[in-house]
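Here is the structure we will look at.
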Amino acid sequence: MSLNLNSMKNSPAFIIISSVACIIACIGEFVTVFAFGVNYPGYNHLKDTMSLLGTSVSPVSDEISIWWVIMGVLLIFFATGLQKAFKVKGGYAKLASWLIILYAIGEGIGSGLFKADRTANGLTTSAIIHDIVGGIGVAAILLFPFIMQKVITKKEMPVFYRMSQIVFISGIITVLLFLFRYSTNENNFLAVYKGLWQRLFMLNTYLYLFALAIIIIKRQKRLS
């Protein structure tokens, strides 16, 4: 039974399905965040963070929280397939897989389970945990394209290798812009449009994961 399970996990079908799960997670995140934002009166996608959708006062709090948990599970599934797909790369493939898992737990499951609620006195315990696990997740996914340059080398796929470099640099830039939300001057342009920087970071990340999932699917079909 154990042998059959291991064989299934290493099969092209398992790897392809895990990549499809990644595609669903990437598309689903943009669709759900936009759809739920429309149903939150006064919510501004350019000025408000996505975490606001999951706070207790949000009319879509439960729905978006459930989705984030589902998204996290889908990405963990993808991380397993990723490691299997590039097992010949050894430690680099394992590290890349764990970076996605950390992101899935932090920005997916963690964000869904711990709401970013605030009180007059500041952050709640739930919000503090939300920020910590989210920060770990963001740091992990920032590093991911850098590690992927070791998994898919320039010699193997020069276009994707270049994409990895661009995503790594642009990821750092958008995160730095997003951090201006902690500026003491709340009217600062960079601080006001924190929602925009966050969404650009997510677009950067999910387009990259989407492209990687497509590459893995094509690679497995070719090998099989």
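As shown in the structure tokens, the chain order sets the letters A, B, ...; within each chain, residues go from 1, and ligands are also counted from 1 in the order they appear.
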- Message: List as a list in words the protein and nucleic acid residues near segment 117-134 of chain A, meaning an atom at most 8 Å away when only C-alpha atoms are counted, but skip any in the same chain fewer than 5 places from it.
- Response: Thr55, Ser56, Tyr103, Ile105, Gly106, Glu107, Gly110 and Ser111 of chain A
- Message: What's around Ile23 of chain A at 8 Å? Count only C-alpha atoms, leave out sequence neighbours fewer than 3 positions away in its own chain, and write the answer as a list in words.
- Response: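 Close residues of Ile23 of chain A: Ser19, Val20, Cys26, Ile27, Leu209, Phe210 and Ala213 of chain A.
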- Item | Neighbour list for segment 151-167 of chain A as a list in words, cut-off 9 Å, only C-alpha atoms, skip fewer than 3 positions in-chain |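 Here the answer would be Phe86, Lys89, Gly90, Tyr92, Ala93, Ala96, Leu142, Phe144, Pro145, Phe146, Ile147, Met148, Ser170, Gly171, Ile172, Asn204, Thr205, Tyr208, Ala211 and Leu212 of chain A.
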- Message: Taking only C-alpha atoms into account, name the residue in A:Lys84, A:Asp48, A:Ile17, A:Gln149 that is nearest to Phe178 of chain A.
- Response: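 When distances to Phe178 of chain A are compared using only C-alpha atoms, the smallest one comes from A:Asp48.
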- Task: Run DSSP on the backbone of this structure and report the residues of segment 46-202 of chain A it assigns to strand (DSSP E or B), as a PyMOL selection string.
- Result: chain A and resi 118-119+122-123
